[in-house]
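Note sheet for the following structure.
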Amino acid sequence: MYQERNADKVRLWRGTGINRLVADDDADSSDSMLEKIPHLNNQVEAMVNNALEDSTGYTKTKEETRELLDYIYSNETVQENTAHSVSEELTNKLEEYEPSKILSLINALAPIDEYLYRHSMNVGLLNGLIGKWSNMSADEIFNLVLIGLLHDCGKALIPPPVLNAPRKLTTVEFEVMKMHAIYSYDILSDFPGTVRIAARSHHEKLNGLGYPYKFIGKEIPLEARITAISDIYDAMVSQRSYKKSQSPFKVLDELSKLKGTELDSDLVDLYVKNMPKELIGKEVVMSNGKIGVVHSINYDDIVYPVISYGGREIQSNEYWYCTHMHISDDDDAQSGKITPNEPQTAYQTQEAQTQTTVHRLLKSAR
Ligand SMILES: [Fe+2]
């Protein structure tokens, strides 16, 4: 109720120019006040992203995910039918909407207290996108979505003071938290082995420094290697009580740095090659608080895209950079598509080659 009332209030604010908050130099004094409090500003922005959510059915699925997780947290078991039905809804969204729209839902700033539900859904959706990008079968994609949805269900057994600590965990607390991977395996006792083992292995790292079993390289199942990337991506673009959200560009760069040491190189490549074009044409909030539009992305400098801003195309940099995506009411999946005559043509060709190579490697790894 509290949240609904706030959402109503924010809609009213929006009517009086919440978009101007970051777009208009002549913002009134209340807007200016919010601009000076970035964390509050982000929370307000998170609450006005409802239109896109509602129109895609994400809100409805989010409520079902909330019920699914609430049941797990109360009963320490999973209702298999509900998990399957939510996974089916998510899989349908992957069929129904362009990847750019799915990514808009994932990249949207969300209220901090919805992280638990959204993270489960978003990891499911991201897993599904990786499945699509590597031409997996419908069954394989569904399985990946289900794994993403349930990968963290073992957190139901983690004591709330540790689970909800609004800060970096102590060494002892982190050891407790690490148990959630094994708990996920236990709670999923009625599910197929691939789902259980992938959930248990989603924090393993290629270099053997992950947990719980310090598996190395291909000892980690493919589904878990995929979920590890989706998990990190969504965690990094999400705002939490103890950290700000990060832009997808920054996150893609961070994922690239983990290639071969923690994360599967072929899978990260698949991600990095497919995702940027979905972000072109999207609105972003810049470090000066104003809104720009992603014009183009240079592969060699993915953190700093060229931004359409104030009628010009300007290269972003370490002093003027994207902080997070901005989702407008009329967010349009068709905008920002790469056309053959633009400089991104080479990028497209490279992407297609990479996709074929990665698909072959994925198949041979099975
Ligand atoms: Fe986890």
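Scheme for the structure tokens: letters A, B, ... for chains in order shown; per-chain residue numbers from 1; ligand numbers from 1 in order shown.
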
Enumerate as a ChimeraX atom specification the residues within 9 Å of ligand 1, counting only C-alpha atoms and all ligand atoms. /A:151-155,177-178,180-181,184,199-200,202-203,228,231

Requested write-out: C-alpha atoms of the selected residues, as a compact mmCIF listing (two decimals), in the first residue's frame:
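File produced: again35.txt:
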# COMPACT_ATOMS: atom_id res chain seq x y z
CA HIS A 151 19.40 -20.03 -8.61
CA ASP A 152 19.38 -18.10 -5.32
CA CYS A 153 16.44 -19.85 -3.62
CA GLY A 154 18.84 -21.22 -1.00
CA LYS A 155 19.02 -17.72 0.45
CA MET A 177 26.18 -16.46 2.97
CA LYS A 178 28.20 -18.82 0.76
CA HIS A 180 23.15 -20.47 -0.03
CA ALA A 181 24.53 -22.26 -3.09
CA SER A 184 19.63 -24.02 -3.33
CA ALA A 199 22.03 -23.56 -8.93
CA ARG A 200 24.68 -25.01 -6.64
CA HIS A 202 26.54 -20.44 -9.96
CA HIS A 203 29.32 -18.97 -7.77
CA ALA A 228 27.20 -16.69 -13.21
CA ASP A 231 23.94 -12.96 -11.93

Within 9 Å of region 160-171 of chain A, counting only C-alpha atoms, which residues show up once you throw out same-chain ones fewer than 4 positions away? Write them as number ranges by chain, please. A: 155-156, 175-177, 240-243

I'd like the neighbourhood of Val293 (chain A) as JSON, numbers by chain, where a residue qualifies if any of its atoms comes within 8 Å (using only C-alpha atoms), though same-chain residues fewer than 2 positions away should be ignored. {"A": [280, 281, 282, 283, 284, 291, 295, 307, 308, 309]}

Pick from A:Met275, A:Val78, A:Val172, A:Ile297: nearest to Leu103 (chain A), with only C-alpha atoms counted? A:Met275

Excluding region 69-74 of chain A and residues on its chain fewer than 5 positions from it, collect all residues at most 10 Å away from it, counting only C-alpha atoms, and give them as a CSV table (one decimal) with N, CA and C atoms, in the first residue's frame.
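Output (part_17.csv):
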chain,number,residue,atom,x,y,z
A,63,GLU,N,4.8,-9.9,-9.5
A,63,GLU,CA,4.0,-10.3,-8.4
A,63,GLU,C,4.0,-11.8,-8.2
A,64,GLU,N,3.9,-12.5,-9.3
A,64,GLU,CA,3.9,-14.0,-9.2
A,64,GLU,C,5.3,-14.5,-8.6
A,79,GLN,N,7.2,-24.6,-4.9
A,79,GLN,CA,6.1,-25.1,-5.6
A,79,GLN,C,6.4,-25.2,-7.1
A,83,ALA,N,6.8,-22.4,-10.1
A,83,ALA,CA,8.1,-22.1,-10.7
A,83,ALA,C,8.0,-22.3,-12.3
A,116,LEU,N,15.1,-8.5,-4.6
A,116,LEU,CA,15.1,-10.0,-4.5
A,116,LEU,C,14.2,-10.6,-5.6
A,117,TYR,N,13.0,-10.0,-5.8
A,117,TYR,CA,12.2,-10.6,-6.9
A,117,TYR,C,12.7,-10.3,-8.3
A,120,SER,N,15.8,-12.4,-9.4
A,120,SER,CA,15.5,-13.7,-9.8
A,120,SER,C,14.9,-13.7,-11.3
A,149,LEU,N,15.7,-18.2,-12.5
A,149,LEU,CA,14.7,-17.8,-11.6
A,149,LEU,C,14.9,-18.4,-10.2
A,150,LEU,N,15.5,-19.6,-10.1
A,150,LEU,CA,15.6,-20.3,-8.8
A,150,LEU,C,17.0,-20.4,-8.3
A,152,ASP,N,19.1,-18.6,-6.7
A,152,ASP,CA,19.4,-18.1,-5.3
A,152,ASP,C,18.4,-18.5,-4.3
A,153,CYS,N,17.5,-19.5,-4.6
A,153,CYS,CA,16.4,-19.8,-3.6
A,153,CYS,C,17.0,-20.3,-2.3
A,154,GLY,N,18.2,-20.8,-2.3
A,154,GLY,CA,18.8,-21.2,-1.0
A,154,GLY,C,19.0,-20.1,0.0
A,155,LYS,N,18.9,-18.8,-0.5
A,155,LYS,CA,19.0,-17.7,0.4
A,155,LYS,C,17.9,-17.7,1.5
A,156,ALA,N,16.8,-18.5,1.2
A,156,ALA,CA,15.7,-18.7,2.1
A,156,ALA,C,16.2,-19.2,3.5
A,157,LEU,N,17.4,-19.9,3.5
A,157,LEU,CA,17.9,-20.5,4.7
A,157,LEU,C,19.0,-19.7,5.3
A,158,ILE,N,19.3,-18.6,4.8
A,158,ILE,CA,20.3,-17.7,5.3
A,158,ILE,C,19.7,-16.8,6.4
A,187,ILE,N,17.1,-27.3,-1.6
A,187,ILE,CA,15.7,-26.9,-1.7
A,187,ILE,C,15.1,-27.4,-3.0

Near region 251-265 of chain A, counting only C-alpha atoms, which residues have an atom at most 7 Å away, once you skip same-chain residues fewer than 3 positions from it, shown as a ChimeraX atom specification? /A:205-207,225,229,233,236,246-248,268-269,272,302-303

Filtering to N, CA and C atoms, could you give me those residues as a short mmCIF file (atom, residue, chain, number, x, y, z; two decimals), in the first residue's frame?
data_model
loop_
_atom_site.label_atom_id
_atom_site.label_comp_id
_atom_site.auth_asym_id
_atom_site.auth_seq_id
_atom_site.Cartn_x
_atom_site.Cartn_y
_atom_site.Cartn_z
N LYS A 205 34.09 -20.36 -10.00
CA LYS A 205 34.85 -19.54 -10.94
C LYS A 205 35.79 -20.44 -11.74
N LEU A 206 36.04 -20.07 -12.99
CA LEU A 206 36.88 -20.91 -13.86
C LEU A 206 38.22 -21.24 -13.22
N ASN A 207 38.78 -20.27 -12.48
CA ASN A 207 40.12 -20.45 -11.90
C ASN A 207 40.11 -21.26 -10.61
N ARG A 225 27.79 -21.66 -15.70
CA ARG A 225 28.67 -20.61 -16.25
C ARG A 225 27.83 -19.49 -16.85
N ILE A 229 27.29 -15.29 -15.20
CA ILE A 229 27.39 -14.02 -15.93
C ILE A 229 26.12 -13.19 -15.75
N TYR A 233 25.87 -9.53 -13.97
CA TYR A 233 25.36 -8.40 -14.75
C TYR A 233 24.22 -7.71 -14.00
N MET A 236 25.20 -5.88 -10.83
CA MET A 236 25.95 -4.63 -11.04
C MET A 236 25.07 -3.50 -11.57
N GLN A 246 25.19 0.60 -11.77
CA GLN A 246 26.24 0.94 -12.73
C GLN A 246 25.68 0.83 -14.14
N SER A 247 26.25 1.58 -15.05
CA SER A 247 25.73 1.56 -16.42
C SER A 247 26.08 0.21 -17.06
N PRO A 248 25.24 -0.24 -18.01
CA PRO A 248 25.55 -1.49 -18.72
C PRO A 248 26.92 -1.45 -19.39
N VAL A 268 31.19 -14.64 -22.29
CA VAL A 268 31.31 -13.18 -22.13
C VAL A 268 31.36 -12.52 -23.51
N ASP A 269 32.10 -13.14 -24.43
CA ASP A 269 32.17 -12.60 -25.79
C ASP A 269 30.77 -12.52 -26.41
N VAL A 272 29.07 -9.56 -24.84
CA VAL A 272 29.63 -8.27 -25.22
C VAL A 272 29.37 -7.96 -26.70
N ILE A 302 34.35 0.37 -24.69
CA ILE A 302 32.92 0.12 -24.50
C ILE A 302 32.32 0.94 -23.36
N VAL A 303 33.15 1.33 -22.39
CA VAL A 303 32.65 2.08 -21.23
C VAL A 303 32.14 3.46 -21.63
#

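Compared by their closest atoms to Lys273 (chain A), and using only C-alpha atoms, the residues A:Ile232, A:Ile130, A:Leu68, A:Leu52 rank with A:Ile130 nearest.
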
Just list as a PyMOL selection string whatever in region 131-324 of chain A DSSP marks as helix (DSSP H, G or I). chain A and resi 131-133+138-150+153-157+160-163+171-178+180-187+193-200+217-219+222-237+248-257+265-274+276-279+299-301

Spatial neighbours of Thr61 (chain A), max dist 10 Å, only C-alpha atoms, sep filter under 6 positions, as number ranges by chain: A: 53-54, 67, 85-87, 89-90, 117-118, 121

Which of A:Arg196, A:Lys93, A:Lys290, A:Arg66 sits closest to Pro221 (chain A) [using only C-alpha atoms]: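 Ranked by minimum distance to Pro221 (chain A), first place goes to A:Arg196.
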
Which of these residues is nearest to Trp133 (chain A), using only C-alpha atoms: A:Met286, A:Leu209, A:Leu222, A:Leu267?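 Of A:Met286, A:Leu209, A:Leu222, A:Leu267, the one nearest Trp133 (chain A) is A:Leu267, counting only C-alpha atoms.
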